[in-house]
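Source file: coords.txt (compact mmCIF, C-alpha atoms and all ligand atoms)
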```txt
# COMPACT_ATOMS: atom_id res chain seq x y z
CA MET A 1 82.00 -30.53 -134.80
CA LYS A 2 85.77 -30.58 -134.39
CA VAL A 3 88.25 -28.22 -132.77
CA SER A 4 89.58 -27.60 -136.30
CA ASP A 5 86.17 -26.05 -137.17
CA CYS A 6 86.80 -23.32 -134.57
CA LYS A 7 88.65 -20.27 -135.84
CA ILE A 8 89.90 -16.80 -135.13
CA ILE A 9 88.04 -14.24 -137.26
CA ASP A 10 89.54 -10.80 -137.84
CA LEU A 11 87.07 -7.92 -137.61
CA PRO A 12 87.00 -4.64 -139.51
CA LYS A 13 89.03 -1.94 -137.77
CA ILE A 14 88.69 1.73 -138.58
CA ALA A 15 91.81 3.31 -137.15
CA GLU A 16 91.87 7.06 -136.66
CA PRO A 17 94.13 9.34 -134.68
CA SER A 18 91.17 9.82 -132.33
CA GLY A 19 90.88 6.07 -131.69
CA ASN A 20 89.82 2.78 -133.22
CA LEU A 21 86.37 1.52 -134.15
CA THR A 22 85.39 -2.10 -134.81
CA PHE A 23 81.98 -3.35 -135.91
CA ILE A 24 80.31 -6.74 -136.27
CA GLU A 25 77.40 -7.31 -138.66
CA SER A 26 75.13 -10.34 -138.21
CA ALA A 27 75.88 -13.16 -140.70
CA ARG A 28 78.61 -11.06 -142.33
CA HIS A 29 81.51 -10.87 -139.94
CA VAL A 30 80.30 -13.88 -137.96
CA PRO A 31 78.94 -16.99 -139.74
CA PHE A 32 75.49 -16.92 -138.08
CA GLN A 33 72.56 -14.63 -137.36
CA ILE A 34 73.08 -12.95 -133.98
CA ALA A 35 70.14 -13.59 -131.63
CA ARG A 36 71.75 -12.75 -128.28
CA VAL A 37 74.60 -10.77 -126.78
CA TYR A 38 76.01 -11.29 -123.30
CA TYR A 39 79.25 -10.45 -121.53
CA LEU A 40 81.35 -11.71 -118.67
CA TYR A 41 82.94 -9.10 -116.43
CA ASP A 42 84.16 -8.65 -112.85
CA VAL A 43 85.59 -12.16 -113.10
CA PRO A 44 87.71 -12.79 -109.97
CA GLY A 45 91.34 -13.81 -110.41
CA GLY A 46 91.74 -17.57 -110.84
CA ALA A 47 88.08 -18.11 -111.76
CA GLU A 48 87.01 -20.44 -114.54
CA ARG A 49 83.89 -20.05 -116.66
CA GLY A 50 82.25 -22.20 -119.30
CA GLY A 51 82.54 -25.91 -118.67
CA HIS A 52 79.85 -26.83 -121.13
CA ALA A 53 79.00 -27.43 -124.80
CA HIS A 54 75.96 -26.35 -126.80
CA LYS A 55 73.81 -28.69 -128.86
CA VAL A 56 72.80 -26.01 -131.39
CA VAL A 57 74.13 -22.60 -130.34
CA GLU A 58 77.11 -21.13 -132.18
CA GLU A 59 79.10 -18.40 -130.44
CA PHE A 60 81.70 -15.74 -131.15
CA LEU A 61 83.88 -14.47 -128.29
CA VAL A 62 85.75 -11.18 -128.20
CA ALA A 63 88.08 -9.84 -125.50
CA MET A 64 86.62 -6.33 -125.27
CA SER A 65 89.12 -5.46 -122.57
CA GLY A 66 91.99 -7.34 -120.96
CA SER A 67 92.61 -10.96 -121.83
CA PHE A 68 91.61 -14.55 -121.11
CA ASP A 69 92.14 -18.06 -122.50
CA VAL A 70 89.57 -20.31 -124.13
CA VAL A 71 90.20 -24.07 -124.11
CA LEU A 72 88.23 -25.90 -126.79
CA ASP A 73 87.64 -29.65 -126.79
CA ASP A 74 85.70 -31.83 -129.24
CA GLY A 75 86.01 -34.98 -127.15
CA ARG A 76 89.22 -36.02 -128.94
CA ASP A 77 91.36 -32.94 -129.55
CA LYS A 78 91.93 -29.77 -127.55
CA ALA A 79 93.22 -26.29 -128.42
CA ARG A 80 93.93 -23.25 -126.26
CA PHE A 81 93.36 -19.74 -127.63
CA HIS A 82 94.53 -16.56 -125.91
CA LEU A 83 92.21 -13.62 -126.67
CA ASN A 84 93.58 -10.17 -125.89
CA ARG A 85 92.44 -7.66 -128.54
CA SER A 86 88.99 -6.39 -129.56
CA PHE A 87 89.57 -6.45 -133.35
CA TYR A 88 89.32 -10.23 -133.62
CA GLY A 89 87.30 -12.99 -132.02
CA LEU A 90 86.98 -16.73 -131.69
CA TYR A 91 84.20 -18.58 -133.53
CA ILE A 92 82.92 -21.70 -131.75
CA PRO A 93 80.45 -23.87 -133.68
CA ARG A 94 77.92 -26.16 -132.01
CA MET A 95 79.04 -29.20 -130.00
CA ILE A 96 82.40 -27.94 -128.75
CA TRP A 97 83.23 -28.12 -125.05
CA ARG A 98 84.70 -24.79 -123.85
CA GLU A 99 86.41 -23.60 -120.71
CA LEU A 100 87.53 -20.02 -120.07
CA ASP A 101 90.33 -19.23 -117.64
CA ASN A 102 93.37 -17.03 -117.07
CA PHE A 103 91.20 -13.85 -116.94
CA SER A 104 93.24 -10.70 -116.46
CA SER A 105 91.90 -8.19 -113.98
CA GLY A 106 89.26 -5.93 -115.48
CA SER A 107 88.76 -8.18 -118.50
CA VAL A 108 85.48 -8.26 -120.38
CA CYS A 109 84.43 -11.19 -122.61
CA LEU A 110 81.75 -10.29 -125.13
CA VAL A 111 79.77 -13.24 -126.52
CA LEU A 112 77.54 -13.17 -129.59
CA ALA A 113 75.22 -16.18 -129.77
CA SER A 114 73.10 -17.63 -132.57
CA GLU A 115 70.04 -18.42 -130.39
CA TYR A 116 68.16 -17.12 -127.39
CA TYR A 117 69.16 -18.56 -124.03
CA ASP A 118 67.79 -22.07 -123.50
CA GLU A 119 69.15 -24.27 -120.73
CA SER A 120 68.08 -27.41 -122.64
CA ASP A 121 70.68 -26.54 -125.30
CA TYR A 122 73.53 -27.19 -122.84
CA PHE A 123 75.65 -30.27 -122.24
CA ARG A 124 76.96 -29.63 -118.73
CA ASP A 125 78.31 -33.16 -118.25
CA TYR A 126 81.59 -33.74 -120.12
CA SER A 127 81.29 -37.52 -120.41
CA GLU A 128 77.77 -37.24 -121.83
CA PHE A 129 78.98 -34.65 -124.37
CA GLN A 130 82.02 -36.74 -125.31
CA VAL A 131 80.00 -39.89 -125.99
CA VAL A 132 77.57 -38.01 -128.25
CA ASN A 133 80.18 -35.94 -130.15
CA VAL A 134 82.73 -38.68 -130.71
CA GLN A 135 80.04 -41.07 -132.00
CA SER A 136 78.53 -38.55 -134.43
P1 LIG A 201 76.65 -20.14 -118.15
O1 LIG A 201 76.34 -20.22 -119.60
O2 LIG A 201 76.83 -21.43 -117.43
O3 LIG A 201 77.92 -19.22 -117.89
P2 LIG A 201 79.48 -19.42 -118.19
O4 LIG A 201 79.59 -20.33 -119.36
O5 LIG A 201 80.00 -18.07 -118.45
O6 LIG A 201 80.13 -19.99 -116.98
O7 LIG A 201 75.50 -19.27 -117.47
C1 LIG A 201 75.58 -18.85 -116.11
C2 LIG A 201 74.17 -18.59 -115.61
O8 LIG A 201 73.56 -17.53 -116.34
C3 LIG A 201 73.25 -19.79 -115.76
O9 LIG A 201 72.40 -19.84 -114.61
C4 LIG A 201 72.41 -19.46 -116.97
C5 LIG A 201 72.37 -17.95 -116.97
N1 LIG A 201 72.31 -17.37 -118.33
C6 LIG A 201 71.16 -16.75 -118.75
O10 LIG A 201 70.14 -16.66 -118.03
N2 LIG A 201 71.14 -16.20 -120.01
C7 LIG A 201 72.20 -16.26 -120.83
O11 LIG A 201 72.14 -15.75 -121.99
C8 LIG A 201 73.39 -16.93 -120.38
C9 LIG A 201 74.60 -17.04 -121.26
C10 LIG A 201 73.40 -17.46 -119.12
```
Let me see the file written as structure tokens.
Ligand code: TYD
Amino acid sequence: MKVSDCKIIDLPKIAEPSGNLTFIESARHVPFQIARVYYLYDVPGGAERGGHAHKVVEEFLVAMSGSFDVVLDDGRDKARFHLNRSFYGLYIPRMIWRELDNFSSGSVCLVLASEYYDESDYFRDYSEFQVVNVQS
């Protein structure tokens, strides 16, 4: 896949004087069936997360609180996204290298994933990923 296949998706937002509500329905507001939910929190200042690509897993990232950056890389092109609100998220298809940095204090990154956790789905070596993705 290419960086241009990654996109910001706006989520429904029910705004009321008593506060906002946003919801995400599997295969409706994200383009895959949700199999797994995880979240990153208590990330120390200056820390970086990610540093991998997935062979099959698609993901959708939302800044539930605070903010952080996501750098996407398809082996040729790169793009940096700044996520800072909980009514939109970033869709990342399979075979995109991602790095997360610039976490604000107290930030929470929610991730919806299309498959259960499986370490064999990861490329953790950038050169290996790049060779495979650029050739395909
Ligand atoms: P990893 O995906 O490398 O985290 P990040 O991309 O945020 O830096 O996962 C970190 C560790 O957590 C690694 O040992 C695998 C484990 N893990 C699970 O057991 N289940 C999961 O759903 C995820 C995402 C990670």
Taking only C-alpha atoms and all ligand atoms into account, which residues have an atom no farther than 7 Å from ligand LIG 201 (chain A)? I'd like them as a list in words.
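So, counting only C-alpha atoms and all ligand atoms, the residues near ligand LIG 201 (chain A) are Arg36, Tyr38, Leu40, Arg49, Gly50, Gly51, His52, Tyr116, Tyr117 and Glu119 of chain A.
Considering the residues A:Asp5, A:Asp77, A:Glu115, A:Asp10 and counting all atoms listed in the file, Val62 of chain A has its shortest atom-to-atom contact with A:Asp10.
The gap separating atom CA of Ser18 of chain A from atom CA of Phe60 of chain A is 27.3 Å, in Å to one decimal.
Every protein, DNA or RNA residue with an atom at most 10 Å from segment 122-127 of chain A, where all atoms listed in the file count and chain neighbours fewer than 2 positions away do not, is listed here: Gly50, Gly51, His52, Ala53, His54, Lys55, Val56, Val57, Asp73, Gly75, Met95, Ile96, Trp97, Tyr117, Asp118, Glu119, Ser120, Phe129, Gln130, Val131, Val132 and Asn133 of chain A.
For the choices A:Pro17, A:Pro12, A:Pro93, A:Gly106, the atom-to-atom distance to Met64 of chain A is smallest for A:Gly106 when using only C-alpha atoms.
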